[in-house]
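Dumped query.csv below, it's CSV, C-alpha atoms:
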chain,number,residue,atom,x,y,z
A,1,MET,CA,7.1,-1.6,-4.6
A,2,GLY,CA,10.8,-0.5,-4.8
A,3,LEU,CA,12.3,-0.6,-8.3
A,4,ILE,CA,15.1,-3.0,-7.5
A,5,MET,CA,12.4,-5.1,-5.9
A,6,ARG,CA,10.6,-5.1,-9.2
A,7,ALA,CA,13.7,-6.4,-10.8
A,8,ALA,CA,14.1,-8.9,-8.1
A,9,ALA,CA,10.5,-10.0,-8.5
A,10,PHE,CA,11.0,-10.3,-12.2
A,11,ALA,CA,14.2,-12.2,-11.7
A,12,GLY,CA,12.5,-14.5,-9.3
A,13,ALA,CA,9.7,-15.1,-11.8
A,14,LEU,CA,12.3,-15.8,-14.5
A,15,ALA,CA,14.1,-18.2,-12.1
A,16,VAL,CA,11.0,-20.1,-11.5
A,17,GLY,CA,10.0,-20.0,-15.2
A,18,ALA,CA,13.4,-20.9,-16.5
A,19,SER,CA,14.5,-23.6,-14.2
A,20,LEU,CA,14.5,-26.9,-15.9
A,21,VAL,CA,14.0,-30.1,-13.9
A,22,ALA,CA,14.5,-33.7,-15.1
A,23,CYS,CA,13.7,-36.7,-13.0
A,24,GLY,CA,15.4,-40.0,-13.9
A,25,GLY,CA,14.6,-43.6,-13.4
A,26,SER,CA,15.4,-47.1,-14.5
A,27,VAL,CA,13.6,-50.2,-15.5
A,28,ALA,CA,14.2,-51.6,-12.0
A,29,ASP,CA,12.0,-48.8,-10.7
A,30,ALA,CA,9.0,-50.3,-12.5
A,31,ASP,CA,8.0,-52.4,-9.4
A,32,ARG,CA,8.0,-49.4,-7.2
A,33,ARG,CA,5.2,-46.9,-6.7
A,34,GLU,CA,4.9,-44.6,-9.7
A,35,VAL,CA,6.5,-41.2,-9.2
A,36,PRO,CA,5.4,-38.1,-11.1
A,37,ARG,CA,7.9,-37.3,-13.8
A,38,THR,CA,8.7,-34.1,-15.6
A,39,THR,CA,10.8,-33.7,-18.6
A,40,ALA,CA,12.5,-30.5,-19.7
A,41,PRO,CA,11.5,-28.9,-22.9
A,42,PRO,CA,14.3,-28.3,-25.4
A,43,ARG,CA,16.7,-25.7,-24.1
A,44,THR,CA,16.4,-22.7,-26.5
A,45,PRO,CA,19.1,-20.0,-26.6
A,46,PHE,CA,16.5,-17.6,-25.3
A,47,CYS,CA,15.6,-19.8,-22.3
A,48,ALA,CA,19.3,-20.1,-21.5
A,49,ALA,CA,19.7,-16.4,-21.8
A,50,ALA,CA,16.7,-15.8,-19.5
A,51,GLN,CA,18.3,-18.1,-16.9
A,52,ALA,CA,21.7,-16.3,-17.3
A,53,ASN,CA,19.9,-13.0,-16.7
A,54,VAL,CA,18.4,-14.4,-13.5
A,55,ASP,CA,21.8,-15.6,-12.4
A,56,ALA,CA,23.3,-12.2,-13.1
A,57,LEU,CA,20.6,-10.3,-11.2
A,58,ARG,CA,21.0,-12.4,-8.0
A,59,PRO,CA,24.4,-11.1,-7.1
A,60,LEU,CA,23.4,-7.5,-7.9
A,61,ASN,CA,20.4,-7.8,-5.6
A,62,SER,CA,22.5,-9.2,-2.8
A,63,LEU,CA,25.2,-6.6,-3.3
A,64,VAL,CA,22.9,-3.6,-3.1
A,65,ALA,CA,20.9,-5.2,-0.2
A,66,ARG,CA,24.0,-5.4,2.0
A,67,GLY,CA,25.0,-1.8,1.2
A,68,ASN,CA,28.4,-0.1,1.3
A,69,VAL,CA,29.1,-1.4,-2.1
A,70,PRO,CA,32.8,-1.4,-3.3
A,71,PRO,CA,32.9,0.5,-6.6
A,72,ALA,CA,34.8,-2.2,-8.5
A,73,GLU,CA,32.4,-4.9,-7.3
A,74,LEU,CA,29.4,-2.8,-8.3
A,75,SER,CA,30.9,-2.1,-11.7
A,76,ASP,CA,31.7,-5.8,-12.4
A,77,THR,CA,28.3,-6.9,-11.2
A,78,VAL,CA,26.4,-4.3,-13.3
A,79,ALA,CA,28.5,-5.3,-16.3
A,80,ALA,CA,27.4,-8.9,-15.9
A,81,VAL,CA,23.8,-7.9,-15.7
A,82,ARG,CA,24.2,-5.8,-18.9
A,83,ARG,CA,25.8,-8.7,-20.7
A,84,ALA,CA,23.0,-11.0,-19.7
A,85,GLY,CA,20.4,-8.6,-20.7
A,86,ALA,CA,22.0,-8.1,-24.1
A,87,GLU,CA,22.1,-11.8,-24.6
A,88,MET,CA,18.4,-12.1,-23.8
A,89,LEU,CA,17.7,-9.4,-26.3
A,90,ASN,CA,19.9,-11.0,-28.9
A,91,THR,CA,18.1,-14.4,-28.6
A,92,ALA,CA,14.6,-13.1,-28.1
A,93,PRO,CA,12.0,-14.6,-30.4
A,94,ASP,CA,10.4,-12.1,-32.7
A,95,ASP,CA,7.0,-12.4,-31.0
A,96,ILE,CA,8.3,-11.0,-27.7
A,97,ARG,CA,11.4,-9.0,-28.8
A,98,THR,CA,9.7,-5.6,-28.2
A,99,ASP,CA,8.7,-6.7,-24.7
A,100,VAL,CA,12.2,-8.1,-24.0
A,101,GLU,CA,13.6,-4.7,-25.2
A,102,ARG,CA,11.4,-2.9,-22.6
A,103,THR,CA,12.3,-5.3,-19.9
A,104,VAL,CA,16.0,-4.8,-20.6
A,105,GLN,CA,15.5,-1.0,-20.7
A,106,ALA,CA,13.8,-1.1,-17.3
A,107,VAL,CA,16.8,-2.9,-15.8
A,108,GLU,CA,19.1,-0.5,-17.5
A,109,LEU,CA,17.3,2.5,-16.0
A,110,GLN,CA,17.7,1.0,-12.6
A,111,LEU,CA,21.4,0.1,-13.2
A,112,GLU,CA,22.1,3.8,-14.1
A,113,VAL,CA,20.6,5.0,-10.9
A,114,LEU,CA,22.5,2.4,-8.9
A,115,GLU,CA,25.8,3.4,-10.5
A,116,ALA,CA,25.2,7.1,-10.0
A,117,ASN,CA,24.5,6.5,-6.4
A,118,GLY,CA,27.2,4.0,-5.5
A,119,GLY,CA,24.9,1.0,-5.3
A,120,ASP,CA,22.4,2.7,-2.9
A,121,ALA,CA,19.2,0.9,-3.6
A,122,SER,CA,17.2,3.5,-1.8
A,123,ALA,CA,18.0,5.9,-4.6
A,124,LEU,CA,15.7,3.9,-6.8
A,125,ALA,CA,12.7,4.7,-4.6
A,126,ARG,CA,13.7,8.3,-4.3
A,127,ASP,CA,13.4,8.9,-8.1
A,128,PRO,CA,9.7,9.6,-8.8
A,129,GLN,CA,10.3,9.8,-12.6
A,130,LEU,CA,11.9,6.4,-12.6
A,131,SER,CA,9.1,5.0,-10.4
A,132,SER,CA,6.5,6.4,-12.8
A,133,ARG,CA,8.2,5.1,-15.9
A,134,LEU,CA,8.8,1.6,-14.5
A,135,GLY,CA,5.2,1.5,-13.2
A,136,SER,CA,3.8,2.5,-16.6
A,137,ALA,CA,1.6,0.1,-18.5
A,138,GLU,CA,4.3,-0.1,-21.2
A,139,PHE,CA,7.0,-1.4,-18.8
A,140,ALA,CA,4.8,-3.4,-16.5
A,141,GLY,CA,2.9,-5.0,-19.3
A,142,ALA,CA,6.2,-6.0,-21.1
A,143,GLY,CA,7.5,-7.6,-17.9
A,144,ASP,CA,4.3,-9.6,-17.5
A,145,ARG,CA,4.4,-10.8,-21.1
A,146,VAL,CA,8.1,-11.8,-20.9
A,147,ARG,CA,7.5,-13.6,-17.6
A,148,THR,CA,4.5,-15.5,-19.1
A,149,TYR,CA,6.4,-16.4,-22.2
A,150,VAL,CA,9.3,-17.7,-20.1
A,151,GLU,CA,7.0,-19.7,-17.9
A,152,ARG,CA,5.2,-21.2,-20.9
A,153,THR,CA,8.2,-22.0,-23.1
A,154,CYS,CA,11.1,-22.5,-20.7
A,155,SER,CA,9.5,-24.4,-17.8
A,156,PRO,CA,9.1,-28.2,-17.7
A,157,PRO,CA,5.6,-29.5,-18.2
A,158,ALA,CA,3.5,-30.4,-15.2
A,159,PRO,CA,4.3,-33.8,-13.6
A,160,THR,CA,2.5,-36.7,-15.1
A,161,ARG,CA,1.6,-40.0,-13.4

Full structure transcribed into structure tokens:
Amino acid sequence: MGLIMRAAAFAGALAVGASLVACGGSVADADRREVPRTTAPPRTPFCAAAQANVDALRPLNSLVARGNVPPAELSDTVAAVRRAGAEMLNTAPDDIRTDVERTVQAVELQLEVLEANGGDASALARDPQLSSRLGSAEFAGAGDRVRTYVERTCSPPAPTR
């Protein structure tokens, strides 16, 4: 799997995990068929940062996918991703801080390659050392643990009837 695709997959997992849904209703609705409801857990700074990270990665993925990236646009988009990653790290709970560090490092490694290659996403796949490092148990495991944590703590509970 391409490295930016790993970031995109991770971003997608965070988007699913961090999206918060709330369904409303009123007393007048009591006579109608009961609809499953979800309530959002309290929004923690880390959950907000995880969502901001997803929101910053989306434009980067779109930008490199279309190719021919204007340097200023790449620079601005990369800076936004870095800020979002730093905020995730700054707000990470102690029990997953090391895993968040690894995840942010993985994205940073990819950002460096993208910047050095003018936003050419294929450069990520052409770097065997980068592929090996990002595919290592250390980085892959960290990404899995962060994704699980976000899904568990930032997602709304399952609908109830």

Can you tell me which residues surround Ala79 (chain A) at a distance of at most 12 Å, considering only C-alpha atoms, apart from same-chain residues fewer than 2 positions away, and format the answer as a PDB file with C-alpha atoms, keeping the file's coordinate frame?
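The new file selection.pdb reads:
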ATOM      1  CA  ASN A  53      19.900 -13.000 -16.700  1.00  0.00           C
ATOM      2  CA  ALA A  56      23.300 -12.200 -13.100  1.00  0.00           C
ATOM      3  CA  LEU A  57      20.600 -10.300 -11.200  1.00  0.00           C
ATOM      4  CA  PRO A  59      24.400 -11.100  -7.100  1.00  0.00           C
ATOM      5  CA  LEU A  60      23.400  -7.500  -7.900  1.00  0.00           C
ATOM      6  CA  ALA A  72      34.800  -2.200  -8.500  1.00  0.00           C
ATOM      7  CA  GLU A  73      32.400  -4.900  -7.300  1.00  0.00           C
ATOM      8  CA  LEU A  74      29.400  -2.800  -8.300  1.00  0.00           C
ATOM      9  CA  SER A  75      30.900  -2.100 -11.700  1.00  0.00           C
ATOM     10  CA  ASP A  76      31.700  -5.800 -12.400  1.00  0.00           C
ATOM     11  CA  THR A  77      28.300  -6.900 -11.200  1.00  0.00           C
ATOM     12  CA  VAL A  81      23.800  -7.900 -15.700  1.00  0.00           C
ATOM     13  CA  ARG A  82      24.200  -5.800 -18.900  1.00  0.00           C
ATOM     14  CA  ARG A  83      25.800  -8.700 -20.700  1.00  0.00           C
ATOM     15  CA  ALA A  84      23.000 -11.000 -19.700  1.00  0.00           C
ATOM     16  CA  GLY A  85      20.400  -8.600 -20.700  1.00  0.00           C
ATOM     17  CA  ALA A  86      22.000  -8.100 -24.100  1.00  0.00           C
ATOM     18  CA  VAL A 107      16.800  -2.900 -15.800  1.00  0.00           C
ATOM     19  CA  GLU A 108      19.100  -0.500 -17.500  1.00  0.00           C
ATOM     20  CA  LEU A 111      21.400   0.100 -13.200  1.00  0.00           C
ATOM     21  CA  GLU A 112      22.100   3.800 -14.100  1.00  0.00           C
ATOM     22  CA  GLU A 115      25.800   3.400 -10.500  1.00  0.00           C
TER      23      GLU A 115
END

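Counting all atoms listed in the file and comparing A:Gln129, A:Ser62, A:Gln110, A:Asn90, the residue that lies closest to Phe46 (chain A) is A:Asn90.
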
Coordinates-based distance that separates CA of Ala65 (chain A) from CA of Ala142 (chain A) (Å, one decimal): 25.6 Å

Counting all atoms listed in the file, the residue among A:Ala106, A:Val64, A:Ala121, A:Cys154 that lies closest to Leu134 (chain A) is A:Ala106

Taking only C-alpha atoms into account, which of A:Asp95, A:Asp120, A:Val100, A:Phe139 comes nearest Asn61 (chain A)? A:Asp120

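Of note, CA of Gly118 (chain A) and CA of Glu138 (chain A) are spaced 28.1 Å apart.
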
Only C-alpha atoms needed: put region 77-127 of chain A from the block into a file as a compact mmCIF listing (two decimals), in the first residue's frame.
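Output (out18.txt):
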# COMPACT_ATOMS: atom_id res chain seq x y z
CA THR A 77 -1.12 22.56 3.15
CA VAL A 78 1.89 20.78 4.63
CA ALA A 79 2.15 23.47 7.32
CA ALA A 80 -1.50 22.91 8.25
CA VAL A 81 -0.90 19.15 8.56
CA ARG A 82 2.13 19.79 10.76
CA ARG A 83 0.19 22.14 13.03
CA ALA A 84 -2.61 19.59 13.36
CA GLY A 85 -0.14 16.83 14.17
CA ALA A 86 1.56 19.00 16.79
CA GLU A 87 -1.81 19.70 18.41
CA MET A 88 -2.59 15.98 18.49
CA LEU A 89 0.74 15.38 20.19
CA ASN A 90 0.21 18.27 22.64
CA THR A 91 -3.18 16.94 23.70
CA ALA A 92 -2.43 13.20 23.62
CA PRO A 93 -3.33 11.36 26.81
CA ASP A 94 -0.34 9.82 28.57
CA ASP A 95 -1.44 6.26 27.83
CA ILE A 96 -1.11 6.73 24.04
CA ARG A 97 1.36 9.64 23.81
CA THR A 98 4.19 7.43 22.50
CA ASP A 99 1.92 5.97 19.82
CA VAL A 100 0.74 9.44 18.80
CA GLU A 101 4.41 10.51 18.56
CA ARG A 102 5.09 7.60 16.19
CA THR A 103 2.02 8.41 14.13
CA VAL A 104 3.01 12.06 13.83
CA GLN A 105 6.55 10.96 12.92
CA ALA A 106 5.16 8.71 10.18
CA VAL A 107 3.23 11.60 8.67
CA GLU A 108 6.28 13.88 8.98
CA LEU A 109 8.45 11.39 7.10
CA GLN A 110 5.92 11.41 4.28
CA LEU A 111 5.63 15.20 4.30
CA GLU A 112 9.40 15.52 3.91
CA VAL A 113 9.37 13.26 0.86
CA LEU A 114 6.42 15.13 -0.65
CA GLU A 115 8.13 18.49 -0.12
CA ALA A 116 11.41 17.25 -1.58
CA ASN A 117 9.55 15.99 -4.65
CA GLY A 118 7.19 18.88 -5.30
CA GLY A 119 4.14 17.01 -4.04
CA ASP A 120 4.73 13.97 -6.23
CA ALA A 121 2.97 11.19 -4.31
CA SER A 122 4.67 8.50 -6.39
CA ALA A 123 7.95 9.49 -4.70
CA LEU A 124 6.61 7.94 -1.51
CA ALA A 125 6.33 4.53 -3.11
CA ARG A 126 9.76 4.86 -4.76
CA ASP A 127 11.53 5.18 -1.40
